[in-house]
>>> print(open('protein-v3.txt').read())   # compact mmCIF, C-alpha atoms
# COMPACT_ATOMS: atom_id res chain seq x y z
CA MET F 12 90.44 19.61 220.87
CA LEU F 13 92.42 21.07 223.66
CA SER F 14 91.64 18.03 225.74
CA SER F 15 93.48 15.65 223.45
CA TYR F 16 96.60 17.78 223.41
CA SER F 17 96.64 18.87 227.05
CA GLY F 18 98.93 16.03 228.13
CA VAL F 19 101.37 16.91 225.38
CA ILE F 20 101.28 20.58 226.32
CA ILE F 21 101.93 19.81 229.98
CA LEU F 22 104.83 17.53 229.04
CA ALA F 23 106.22 20.17 226.71
CA ILE F 24 106.09 22.84 229.39
CA ALA F 25 107.63 20.49 231.94
CA ALA F 26 110.37 19.63 229.48
CA LEU F 27 111.02 23.29 228.75
CA ILE F 28 111.60 23.90 232.45
CA ILE F 29 113.36 20.66 233.36
CA LEU F 30 115.86 20.77 230.49
CA PRO F 31 117.38 24.16 231.45
CA VAL F 32 117.38 23.08 235.09
CA SER F 33 119.27 19.95 234.15
CA TYR F 34 121.73 21.96 232.09
CA ILE F 35 122.31 24.45 234.88
CA THR F 36 122.78 21.57 237.34
CA TRP F 37 125.33 19.97 235.02
CA TYR F 38 127.10 23.32 234.56
CA HIS F 39 127.30 23.90 238.32
CA ASN F 40 128.65 20.41 238.82
CA GLN F 41 131.36 21.04 236.27
CA ILE F 42 132.42 24.20 238.11
CA LEU F 43 132.43 22.37 241.45
CA ILE F 44 134.41 19.48 240.02
CA ALA F 45 136.94 21.91 238.52
CA ASP F 46 137.32 23.70 241.88
CA TYR F 47 137.77 20.42 243.71
CA LYS F 48 140.18 19.15 241.09
CA ASP F 49 142.42 22.21 241.42
CA THR F 50 142.38 22.01 245.20
CA LEU F 51 143.04 18.29 245.27
CA VAL F 52 145.86 18.57 242.75
CA THR F 53 147.52 21.33 244.78
CA LEU F 54 147.03 19.40 248.02
CA GLY F 55 148.32 16.22 246.40
CA ASN F 56 151.39 17.96 245.03
CA ILE F 57 152.23 19.45 248.41
CA TYR F 58 151.65 16.13 250.17
CA LEU F 59 153.75 14.20 247.68
CA LYS F 60 156.49 16.80 247.79
CA VAL F 61 156.69 16.76 251.57
CA LYS F 62 156.49 12.96 251.63
CA SER F 63 159.25 12.79 249.03
CA PHE F 64 161.77 14.59 251.21
CA SER F 65 163.66 12.89 253.98
CA LEU F 66 167.10 13.20 255.49
CA ASP F 67 169.12 11.18 257.91
CA ILE F 68 171.96 12.60 259.98
CA ASN F 69 174.52 9.84 260.42
CA ALA F 70 175.04 10.12 264.18
CA SER F 71 178.08 7.83 264.19
CA THR F 72 179.98 10.28 261.99
CA ILE F 73 179.58 13.32 264.24
CA GLU F 74 183.08 14.46 265.01
CA TRP F 75 184.87 17.57 266.28
CA ARG F 76 187.90 18.26 264.08
CA ASP F 77 188.92 20.80 266.69
CA ASN F 78 186.98 22.84 269.22
CA LYS F 79 185.65 25.14 266.49
CA THR F 80 184.85 22.68 263.70
CA LEU F 81 182.15 20.03 263.76
CA CYS F 82 181.54 17.66 260.88
CA PHE F 83 179.07 14.91 260.10
CA TRP F 84 177.53 13.14 257.12
CA VAL F 85 173.89 13.58 256.16
CA LEU F 86 172.04 11.20 253.84
CA ASN F 87 169.29 12.24 251.47
CA SER F 88 167.00 9.34 252.38
CA GLY F 89 164.02 10.72 250.48
CA ALA F 90 162.88 10.31 246.91
CA ALA F 91 163.46 13.89 245.75
CA SER F 92 166.57 15.81 244.80
CA ILE F 93 167.48 19.06 246.53
CA SER F 94 169.02 21.81 244.43
CA VAL F 95 172.21 23.39 245.75
CA ASN F 96 170.43 26.71 245.36
CA ASP F 97 168.03 25.64 248.12
CA PHE F 98 170.82 24.94 250.62
CA THR F 99 170.42 28.47 251.90
CA TYR F 100 166.94 27.50 253.13
CA ILE F 101 168.29 24.58 255.18
CA ASP F 102 168.25 25.25 258.90
CA VAL F 103 171.11 23.86 260.96
CA ILE F 104 170.60 24.28 264.69
CA LEU F 105 173.34 23.16 267.03
CA THR F 106 173.18 22.66 270.79
CA TYR F 107 176.50 22.14 272.53
CA ASN F 108 178.64 23.12 275.48
CA THR F 109 181.06 25.97 275.03
CA SER F 110 184.56 25.78 276.40
CA ASP F 111 183.27 28.06 279.20
CA GLY F 112 180.91 25.30 280.28
CA GLU F 113 177.76 27.02 279.06
CA THR F 114 175.13 25.10 277.09
CA ILE F 115 174.01 27.11 274.09
CA THR F 116 171.84 26.65 271.04
CA ILE F 117 172.68 28.47 267.82
CA TRP F 118 171.19 28.66 264.37
CA VAL F 119 174.00 28.27 261.86
CA PRO F 120 173.72 30.02 258.48
CA TYR F 121 174.80 28.43 255.21
CA ASN F 122 177.78 30.17 253.71
CA PRO F 123 179.88 28.20 251.22
CA THR F 124 182.45 30.98 251.02
CA GLY F 125 182.67 31.76 254.74
CA ASN F 126 185.93 32.36 256.57
CA PRO F 127 186.63 29.67 259.18
CA GLY F 128 187.44 31.13 262.57
CA ILE F 129 186.07 34.54 261.58
CA GLU F 130 182.38 33.78 261.31
CA ILE F 131 179.89 31.07 262.24
CA PHE F 132 178.59 29.16 259.23
CA TRP F 133 178.15 25.73 257.66
CA ARG F 134 179.04 24.43 254.26
CA ILE F 135 179.42 21.10 252.49
CA GLU F 136 182.88 19.68 252.02
CA GLY F 137 182.25 16.26 250.59
CA VAL F 138 179.79 14.05 248.76
CA LYS F 139 179.57 10.30 248.47
CA VAL F 140 177.28 7.51 247.38
CA GLY F 141 177.65 4.53 249.66
CA SER F 142 181.38 4.25 250.36
CA LYS F 143 182.46 5.88 247.09
CA ASN F 144 183.39 9.53 246.96
CA VAL F 145 181.77 9.99 243.57
CA GLU F 146 178.61 11.57 242.31
CA ILE F 147 177.08 10.31 239.09
CA VAL F 148 173.69 11.98 238.96
CA ASN F 149 173.31 15.78 238.90
CA PRO F 150 176.88 16.43 240.02
CA ILE F 151 177.43 19.43 242.21
CA TYR F 152 179.64 21.96 240.44
CA PRO F 153 182.16 23.01 241.59
CA SER F 154 182.66 19.84 243.60
CA PRO F 155 182.14 20.15 247.36
CA TYR F 156 185.79 19.12 247.68
CA TYR F 157 186.77 22.53 246.27
CA VAL F 158 186.09 24.13 249.61
CA GLY F 159 185.53 27.84 249.75
CA SER F 160 183.74 27.99 246.41
CA LYS F 161 180.00 28.38 246.05
CA PRO F 162 178.25 25.44 244.36
CA ALA F 163 176.65 26.92 241.28
CA SER F 164 174.74 23.91 239.99
CA GLY F 165 173.87 20.37 240.82
CA LYS F 166 171.66 18.53 243.22
CA TRP F 167 171.76 16.56 246.43
CA ASP F 168 170.16 13.42 245.05
CA PRO F 169 168.49 10.52 246.85
CA GLY F 170 171.07 8.12 248.24
CA GLU F 171 173.83 10.72 248.30
CA GLU F 172 175.53 11.74 251.53
CA LEU F 173 176.93 15.21 252.07
CA LEU F 174 179.61 16.13 254.53
CA PHE F 175 178.28 19.03 256.59
CA VAL F 176 180.94 21.08 258.33
CA ILE F 177 180.04 23.68 260.95
CA TYR F 178 182.60 26.39 261.73
CA LEU F 179 182.47 28.28 265.00
CA THR F 180 184.33 31.37 266.10
CA PRO F 181 186.85 31.32 269.00
CA GLU F 182 184.36 32.91 271.41
CA TYR F 183 181.90 30.12 270.61
CA SER F 184 184.47 27.31 270.77
CA ALA F 185 183.21 24.01 272.12
CA ASN F 186 183.98 21.61 274.88
CA THR F 187 184.37 18.64 272.57
CA THR F 188 183.89 16.05 275.31
CA CYS F 189 180.29 17.09 275.95
CA PRO F 190 177.23 15.89 274.01
CA VAL F 191 176.01 17.75 270.96
CA ALA F 192 172.56 17.89 269.43
CA ILE F 193 172.08 18.65 265.77
CA TYR F 194 168.81 19.62 264.16
CA ILE F 195 168.52 20.01 260.39
CA SER F 196 165.39 21.15 258.60
CA LEU F 197 164.90 21.28 254.85
CA LYS F 198 163.06 24.03 252.99
CA CYS F 199 159.74 22.20 253.24
CA GLY F 200 160.11 21.70 256.99
CA VAL F 201 161.11 18.04 256.89
CA TYR F 202 163.79 17.51 259.53
CA ASP F 203 166.08 15.14 261.35
CA TYR F 204 167.47 15.49 264.83
CA VAL F 205 170.27 13.59 266.56
CA SER F 206 171.99 13.93 269.88
CA ARG F 207 175.17 12.18 270.85
CA VAL F 208 178.62 12.48 272.38
CA SER F 209 181.04 13.00 269.53
CA SER F 210 183.92 10.61 269.09
CA MET X 29 82.61 21.13 227.09
CA SER X 30 83.43 24.47 228.65
CA HIS X 31 83.96 22.94 232.06
CA VAL X 32 86.30 20.38 230.49
CA ILE X 33 88.36 23.17 228.96
CA ILE X 34 88.43 25.03 232.25
CA SER X 35 89.64 21.85 233.96
CA GLU X 36 92.34 21.32 231.34
CA VAL X 37 93.53 24.90 231.75
CA PHE X 38 93.47 24.53 235.50
CA VAL X 39 95.50 21.30 235.33
CA THR X 40 97.98 22.90 232.94
CA VAL X 41 98.45 26.01 235.10
CA THR X 42 98.79 23.85 238.20
CA ALA X 43 101.42 21.71 236.47
CA ILE X 44 103.37 24.81 235.44
CA ILE X 45 103.25 26.21 238.97
CA ILE X 46 104.37 22.90 240.51
CA VAL X 47 107.28 22.50 238.10
CA SER X 48 108.29 26.15 238.57
CA VAL X 49 108.24 25.86 242.33
CA PHE X 50 110.28 22.65 242.08
CA ALA X 51 112.78 24.30 239.74
CA ALA X 52 113.11 27.41 241.90
CA THR X 53 113.60 25.38 245.08
CA PHE X 54 116.06 23.00 243.43
CA LEU X 55 118.10 25.78 241.84
CA GLY X 56 118.12 27.80 245.04
CA ASN X 57 119.42 24.86 247.06
CA LEU X 58 121.93 24.06 244.36
CA GLN X 59 123.25 27.62 244.49
CA GLN X 60 123.55 27.42 248.28
CA LEU X 61 125.39 24.12 247.99
CA ARG X 62 127.74 25.58 245.43
CA ASP X 63 128.44 28.64 247.57
CA ALA X 64 129.19 26.39 250.54
CA GLN X 65 131.53 24.22 248.51
CA ILE X 66 133.34 27.27 247.12
CA LEU X 67 133.81 28.55 250.68
CA VAL X 68 135.29 25.20 251.69
CA THR X 69 137.62 25.24 248.69
CA GLN X 70 138.72 28.82 249.36
CA SER X 71 139.32 27.97 253.00
CA LEU X 72 141.49 25.03 251.98
CA GLN X 73 143.43 27.18 249.54
CA GLU X 74 143.96 29.82 252.22
CA LYS X 75 145.18 27.20 254.66
CA MET X 76 147.65 25.97 252.05
CA SER X 77 148.79 29.48 251.22
CA VAL X 78 149.88 30.37 254.73
CA ASP X 79 151.48 27.57 256.67
CA ILE X 80 154.09 27.80 259.38
CA LYS X 81 156.06 25.31 261.38
CA ILE X 82 157.88 25.78 264.67
CA ILE X 83 161.00 23.79 263.98
CA TYR X 84 162.74 24.25 267.31
CA ALA X 85 162.45 26.08 270.62
CA VAL X 86 164.83 26.28 273.49
CA GLY X 87 165.25 27.91 276.87
CA TYR X 88 167.56 27.25 279.76
CA GLU X 89 167.09 27.10 283.51
CA ASN X 90 167.55 30.43 285.32
CA GLU X 91 167.52 32.34 282.02
CA ASP X 92 164.74 34.70 281.02
CA ILE X 93 165.00 34.25 277.26
CA VAL X 94 163.37 31.65 275.04
CA LYS X 95 164.31 31.24 271.40
CA VAL X 96 161.83 29.88 268.90
CA TRP X 97 162.68 29.12 265.28
CA VAL X 98 159.70 29.19 262.92
CA LYS X 99 159.75 28.23 259.24
CA ASN X 100 157.40 29.41 256.53
CA THR X 101 156.25 26.16 254.91
CA GLY X 102 153.32 27.71 253.06
CA LEU X 103 152.99 28.89 249.50
CA GLU X 104 152.95 32.64 250.13
CA SER X 105 155.31 35.22 251.58
CA ILE X 106 154.34 36.92 254.80
CA PRO X 107 155.22 40.64 254.87
CA PHE X 108 157.20 41.99 257.80
CA ASN X 109 154.20 43.86 259.26
CA LEU X 110 152.01 40.78 259.18
CA ILE X 111 154.58 38.72 261.10
CA LYS X 112 154.09 41.20 263.92
CA SER X 113 150.35 40.68 263.66
CA GLY X 114 150.81 37.06 264.68
CA ASP X 115 149.93 35.99 268.21
CA LEU X 116 152.35 34.26 270.52
CA PHE X 117 151.47 32.16 273.54
CA PHE X 118 154.05 30.79 275.91
CA GLY X 119 154.28 29.35 279.37
CA PRO X 120 154.45 26.20 281.42
CA SER X 121 152.32 23.42 279.92
CA GLY X 122 148.69 24.12 280.70
CA GLU X 123 149.40 27.67 281.85
CA SER X 124 150.51 29.40 278.68
CA THR X 125 149.60 33.05 278.32
CA TYR X 126 149.46 35.60 275.52
CA ILE X 127 152.75 37.42 275.00
CA PRO X 128 152.47 40.88 273.40
CA TYR X 129 154.77 41.90 270.56
CA ASN X 130 157.47 44.47 271.25
CA SER X 131 155.92 45.64 274.50
CA SER X 132 157.70 48.11 276.78
CA SER X 133 157.03 45.79 279.69
CA LEU X 134 157.92 42.15 280.10
CA PRO X 135 157.06 39.60 278.90
CA THR X 136 157.35 40.46 275.26
CA TRP X 137 158.64 39.05 271.99
CA ASN X 138 160.35 40.22 268.85
CA PHE X 139 161.76 38.51 265.81
CA THR X 140 164.41 38.56 263.09
CA ILE X 141 164.32 36.97 259.66
CA LEU X 142 167.35 34.71 259.67
CA ASN X 143 167.85 33.86 256.03
CA ASP X 144 166.17 36.59 254.03
CA VAL X 145 167.62 35.30 250.78
CA ASP X 146 166.27 38.05 248.55
CA SER X 147 166.47 40.79 251.22
CA ASP X 148 162.88 41.83 250.59
CA ASP X 149 162.00 42.04 254.30
CA CYS X 150 159.37 39.39 253.72
CA TRP X 151 159.16 36.00 255.34
CA ASP X 152 159.30 34.00 252.15
CA ARG X 153 158.62 30.34 251.63
CA GLY X 154 161.37 28.22 253.16
CA GLU X 155 162.79 31.10 255.20
CA THR X 156 163.10 30.95 258.96
CA ILE X 157 162.49 33.57 261.61
CA LEU X 158 163.93 33.61 265.10
CA ILE X 159 161.40 34.67 267.72
CA THR X 160 162.99 35.78 270.97
CA ILE X 161 160.72 35.80 274.00
CA HIS X 162 161.86 38.01 276.88
CA LEU X 163 160.30 36.79 280.11
CA ASP X 164 159.61 38.64 283.32
CA SER X 165 161.04 35.82 285.45
CA PRO X 166 163.71 33.20 284.90
CA LEU X 167 162.78 29.75 283.71
CA SER X 168 162.74 26.84 286.09
CA LYS X 169 162.68 23.11 285.46
CA GLY X 170 159.54 21.85 283.79
CA ASP X 171 157.64 21.45 280.56
CA TYR X 172 156.97 24.51 278.45
CA TYR X 173 154.61 25.19 275.58
CA VAL X 174 154.76 27.73 272.79
CA ARG X 175 152.23 28.52 270.08
CA TYR X 176 152.61 31.01 267.23
CA VAL X 177 149.46 31.98 265.38
CA ALA X 178 149.90 33.56 261.95
CA TYR X 179 147.72 36.47 260.87
CA THR X 180 145.37 34.09 259.04
CA GLY X 181 144.78 31.99 262.13
CA GLU X 182 147.05 29.20 261.03
CA TYR X 183 149.22 28.11 263.93
CA ASP X 184 151.81 25.66 265.11
CA GLU X 185 152.78 24.64 268.59
CA TYR X 186 155.83 23.16 270.23
CA SER X 187 156.71 21.76 273.62
CA PHE X 188 160.07 21.44 275.26
CA SER X 189 161.43 20.60 278.68
CA ILE X 190 164.07 22.15 280.84
>>> encode(input="protein-v3.txt", output="structure tokens")
Amino acid sequence: MLSSYSGVIILAIAALIILPVSYITWYHNQILIADYKDTLVTLGNIYLKVKSFSLDINASTIEWRDNKTLCFWVLNSGAASISVNDFTYIDVILTYNTSDGETITIWVPYNPTGNPGIEIFWRIEGVKVGSKNVEIVNPIYPSPYYVGSKPASGKWDPGEELLFVIYLTPEYSANTTCPVAIYISLKCGVYDYVSRVSS
Amino acid sequence: MSHVIISEVFVTVTAIIIVSVFAATFLGNLQQLRDAQILVTQSLQEKMSVDIKIIYAVGYENEDIVKVWVKNTGLESIPFNLIKSGDLFFGPSGESTYIPYNSSSLPTWNFTILNDVDSDDCWDRGETILITIHLDSPLSKGDYYVRYVAYTGEYDEYSFSI
């Protein structure tokens, strides 16, 4: 009697063991897939974010207004907007010759309400799209043309150019006939670097 | 008949043992695989959490100071004490050496957080520190190499010429 059912019993026992094993395998796979998914999504977001940012210092516009004021236009050549609140994370590093003939490199802090001639800082003093001094998307408020006020809202959008102005103090005044090098890095570490003799 | 029954029982028990051994081996390996994959995932997440980038470094001939600007491009803040736990290597290309932090003898290095936006004394995401390396001899013309290693082992390196 047992003989005729032995095959069925063996199959039943095998099934009883294999089914939970299969379920546990499936469950483990789900956990692994979830882990991988989270990691890949995070990695992808970071990659896309970094790839989305780009800037381009317009070297031909680098100009000393006087021996303590350097200005130049910078284009947002990426695909992402940069909030004005993140300007404080932008690094501006300037290498130039002082009027004493010394070559120095300084990190310039962002300070939209700084006092020219009293402290070293940079701020934006203009915005344009192409050749037009207008801003349609995410306008910066108050406008960069209201110098001395801190932008409270708005974004530096793709395709927009901002006028960066660096103010130096008298003891750091420049020899404006010598070359300057400007390095700008965004919050995510994306940067541009130019070196030229200003006009 | 009895020997047939004994054989059937023997076959059944053997089948159970074989399937159990298979299941135990398979599950054990699966668990090991899962643990390994979790370790890889955690390692990736850790690497993403702490990420730094040397954005610029400069030194001048006949001067004994090198300035290095480093940006936190990771996801997490690095507390003040852990910045000090980082390792710094500097020197001519191919001959860089370990520089101790805040040593009483030269060479040594120290740092300041340049744009501590929230004044929390932490090196937050997007913020930059200035590392100043004080050397025991002035720099001469040549290629120089600097590497900063964060407390997690993440590092970035930079080369410049004088």
>>> closest_atom_pairs(input="protein-v3.txt", of="chain F", to="chain X", cutoff="6 Å", atoms="all atoms listed in the file", output="CSV")
residue,atom,partner,partner_atom,distance
F:Ile21,CA,X:Thr40,CA,5.8
F:Tyr100,CA,X:Gly154,CA,5.6
F:Lys198,CA,X:Gly154,CA,4.5
F:Cys199,CA,X:Thr101,CA,5.5
>>> residues_around(input="protein-v3.txt", residues="region 52-67 of chain F", least_positions_apart="6", cutoff="7 Å", atoms="all atoms listed in the file", output="list in words")
Val85, Leu86, Asn87, Ser88, Gly89, Ala90, Ala91, Cys199, Val201, Tyr202 and Asp203 of chain F
>>> closest_residue(input="protein-v3.txt", among="X:Ile34, X:Val177, X:Leu67, X:Ile141", to="Leu116 (chain X)", atoms="all atoms listed in the file")
X:Val177
>>> residues_around(input="protein-v3.txt", residues="region 74-79 of chain F", least_positions_apart="3", cutoff="10 Å", atoms="all atoms listed in the file", output="ChimeraX atom specification")
/F:70-71,82-84,109-110,127-128,131,176-188,191,208-210
>>> residues_around(input="protein-v3.txt", residues="region 152-163 of chain F", least_positions_apart="4", cutoff="10 Å", atoms="only C-alpha atoms", output="PDB file with C-alpha atoms, keeping the file's coordinate frame")
ATOM      1  CA  SER F  94     169.020  21.810 244.430  1.00  0.00           C
ATOM      2  CA  VAL F  95     172.210  23.390 245.750  1.00  0.00           C
ATOM      3  CA  ASN F  96     170.430  26.710 245.360  1.00  0.00           C
ATOM      4  CA  PHE F  98     170.820  24.940 250.620  1.00  0.00           C
ATOM      5  CA  ASN F 122     177.780  30.170 253.710  1.00  0.00           C
ATOM      6  CA  PRO F 123     179.880  28.200 251.220  1.00  0.00           C
ATOM      7  CA  THR F 124     182.450  30.980 251.020  1.00  0.00           C
ATOM      8  CA  GLY F 125     182.670  31.760 254.740  1.00  0.00           C
ATOM      9  CA  ASN F 126     185.930  32.360 256.570  1.00  0.00           C
ATOM     10  CA  PRO F 127     186.630  29.670 259.180  1.00  0.00           C
ATOM     11  CA  ARG F 134     179.040  24.430 254.260  1.00  0.00           C
ATOM     12  CA  ILE F 135     179.420  21.100 252.490  1.00  0.00           C
ATOM     13  CA  GLU F 136     182.880  19.680 252.020  1.00  0.00           C
ATOM     14  CA  GLY F 137     182.250  16.260 250.590  1.00  0.00           C
ATOM     15  CA  VAL F 138     179.790  14.050 248.760  1.00  0.00           C
ATOM     16  CA  ASN F 144     183.390   9.530 246.960  1.00  0.00           C
ATOM     17  CA  VAL F 145     181.770   9.990 243.570  1.00  0.00           C
ATOM     18  CA  GLU F 146     178.610  11.570 242.310  1.00  0.00           C
ATOM     19  CA  LEU F 173     176.930  15.210 252.070  1.00  0.00           C
ATOM     20  CA  LEU F 174     179.610  16.130 254.530  1.00  0.00           C
TER      21      LEU F 174
END
>>> residues_around(input="protein-v3.txt", residues="Thr136 (chain X)", least_positions_apart="4", cutoff="12 Å", atoms="only C-alpha atoms", output="list in words")
Asp92, Ile93, Val94, Lys112, Asp115, Leu116, Phe117, Phe118, Thr125, Tyr126, Ile127, Pro128, Tyr129, Asn130, Ser131, Ser132, Ile159, Thr160, Ile161, His162, Leu163, Asp164 and Ser165 of chain X
>>> atom_distance(input="protein-v3.txt", atom1="CA of Ala45 (chain F)", atom2="CA of Asp79 (chain X)")
23.9 Å
>>> atom_distance(input="protein-v3.txt", atom1="CA of Thr72 (chain F)", atom2="CA of Asn149 (chain F)")
24.7 Å
>>> atom_distance(input="protein-v3.txt", atom1="CA of Ser164 (chain F)", atom2="CA of Tyr194 (chain F)")
25.3 Å
>>> closest_residue(input="protein-v3.txt", among="F:Leu197, F:Asp102, F:Tyr121, F:Ile93", to="Asp168 (chain F)", atoms="all atoms listed in the file")
F:Ile93
>>> build_atoms(input="protein-v3.txt", residues="region 78-100 of chain F", atoms="N, CA and C atoms", output="PDB file, in the frame of the given file")
ATOM      1  N   ASN F  78     188.082  22.318 268.396  1.00  0.00           N
ATOM      2  CA  ASN F  78     186.980  22.840 269.220  1.00  0.00           C
ATOM      3  C   ASN F  78     186.163  23.934 268.513  1.00  0.00           C
ATOM      4  N   LYS F  79     186.437  24.154 267.242  1.00  0.00           N
ATOM      5  CA  LYS F  79     185.650  25.140 266.490  1.00  0.00           C
ATOM      6  C   LYS F  79     185.084  24.565 265.191  1.00  0.00           C
ATOM      7  N   THR F  80     185.286  23.277 264.969  1.00  0.00           N
ATOM      8  CA  THR F  80     184.850  22.680 263.700  1.00  0.00           C
ATOM      9  C   THR F  80     184.180  21.327 263.948  1.00  0.00           C
ATOM     10  N   LEU F  81     182.923  21.266 263.586  1.00  0.00           N
ATOM     11  CA  LEU F  81     182.150  20.030 263.760  1.00  0.00           C
ATOM     12  C   LEU F  81     181.742  19.505 262.392  1.00  0.00           C
ATOM     13  N   CYS F  82     181.944  18.208 262.175  1.00  0.00           N
ATOM     14  CA  CYS F  82     181.540  17.660 260.880  1.00  0.00           C
ATOM     15  C   CYS F  82     180.750  16.368 261.053  1.00  0.00           C
ATOM     16  N   PHE F  83     179.917  16.110 260.089  1.00  0.00           N
ATOM     17  CA  PHE F  83     179.070  14.910 260.100  1.00  0.00           C
ATOM     18  C   PHE F  83     178.472  14.717 258.711  1.00  0.00           C
ATOM     19  N   TRP F  84     178.118  13.459 258.426  1.00  0.00           N
ATOM     20  CA  TRP F  84     177.530  13.140 257.120  1.00  0.00           C
ATOM     21  C   TRP F  84     176.015  13.099 257.240  1.00  0.00           C
ATOM     22  N   VAL F  85     175.361  13.583 256.188  1.00  0.00           N
ATOM     23  CA  VAL F  85     173.890  13.580 256.160  1.00  0.00           C
ATOM     24  C   VAL F  85     173.438  12.928 254.851  1.00  0.00           C
ATOM     25  N   LEU F  86     172.546  11.947 255.000  1.00  0.00           N
ATOM     26  CA  LEU F  86     172.040  11.200 253.840  1.00  0.00           C
ATOM     27  C   LEU F  86     170.716  11.772 253.360  1.00  0.00           C
ATOM     28  N   ASN F  87     170.592  11.926 252.049  1.00  0.00           N
ATOM     29  CA  ASN F  87     169.290  12.240 251.470  1.00  0.00           C
ATOM     30  C   ASN F  87     168.538  10.910 251.355  1.00  0.00           C
ATOM     31  N   SER F  88     167.701  10.635 252.338  1.00  0.00           N
ATOM     32  CA  SER F  88     167.000   9.340 252.380  1.00  0.00           C
ATOM     33  C   SER F  88     165.607   9.447 251.764  1.00  0.00           C
ATOM     34  N   GLY F  89     165.322  10.548 251.107  1.00  0.00           N
ATOM     35  CA  GLY F  89     164.020  10.720 250.480  1.00  0.00           C
ATOM     36  C   GLY F  89     164.023  10.280 249.030  1.00  0.00           C
ATOM     37  N   ALA F  90     163.002  10.697 248.309  1.00  0.00           N
ATOM     38  CA  ALA F  90     162.880  10.310 246.910  1.00  0.00           C
ATOM     39  C   ALA F  90     163.039  11.523 245.984  1.00  0.00           C
ATOM     40  N   ALA F  91     163.348  12.670 246.556  1.00  0.00           N
ATOM     41  CA  ALA F  91     163.460  13.890 245.750  1.00  0.00           C
ATOM     42  C   ALA F  91     164.854  14.491 245.859  1.00  0.00           C
ATOM     43  N   SER F  92     165.274  15.134 244.796  1.00  0.00           N
ATOM     44  CA  SER F  92     166.570  15.810 244.800  1.00  0.00           C
ATOM     45  C   SER F  92     166.413  17.218 245.368  1.00  0.00           C
ATOM     46  N   ILE F  93     167.495  17.704 245.953  1.00  0.00           N
ATOM     47  CA  ILE F  93     167.480  19.060 246.530  1.00  0.00           C
ATOM     48  C   ILE F  93     168.525  19.887 245.801  1.00  0.00           C
ATOM     49  N   SER F  94     168.090  20.963 245.174  1.00  0.00           N
ATOM     50  CA  SER F  94     169.020  21.810 244.430  1.00  0.00           C
ATOM     51  C   SER F  94     170.002  22.499 245.376  1.00  0.00           C
ATOM     52  N   VAL F  95     171.232  22.681 244.921  1.00  0.00           N
ATOM     53  CA  VAL F  95     172.210  23.390 245.750  1.00  0.00           C
ATOM     54  C   VAL F  95     171.763  24.826 246.032  1.00  0.00           C
ATOM     55  N   ASN F  96     170.920  25.357 245.138  1.00  0.00           N
ATOM     56  CA  ASN F  96     170.430  26.710 245.360  1.00  0.00           C
ATOM     57  C   ASN F  96     169.463  26.801 246.552  1.00  0.00           C
ATOM     58  N   ASP F  97     168.944  25.654 246.973  1.00  0.00           N
ATOM     59  CA  ASP F  97     168.030  25.640 248.120  1.00  0.00           C
ATOM     60  C   ASP F  97     168.759  25.377 249.438  1.00  0.00           C
ATOM     61  N   PHE F  98     170.079  25.204 249.378  1.00  0.00           N
ATOM     62  CA  PHE F  98     170.820  24.940 250.620  1.00  0.00           C
ATOM     63  C   PHE F  98     170.689  26.109 251.604  1.00  0.00           C
ATOM     64  N   THR F  99     170.522  27.296 251.034  1.00  0.00           N
ATOM     65  CA  THR F  99     170.420  28.470 251.900  1.00  0.00           C
ATOM     66  C   THR F  99     169.160  28.447 252.765  1.00  0.00           C
ATOM     67  N   TYR F 100     168.173  27.624 252.351  1.00  0.00           N
ATOM     68  CA  TYR F 100     166.940  27.500 253.130  1.00  0.00           C
ATOM     69  C   TYR F 100     167.034  26.395 254.191  1.00  0.00           C
TER      70      TYR F 100
END
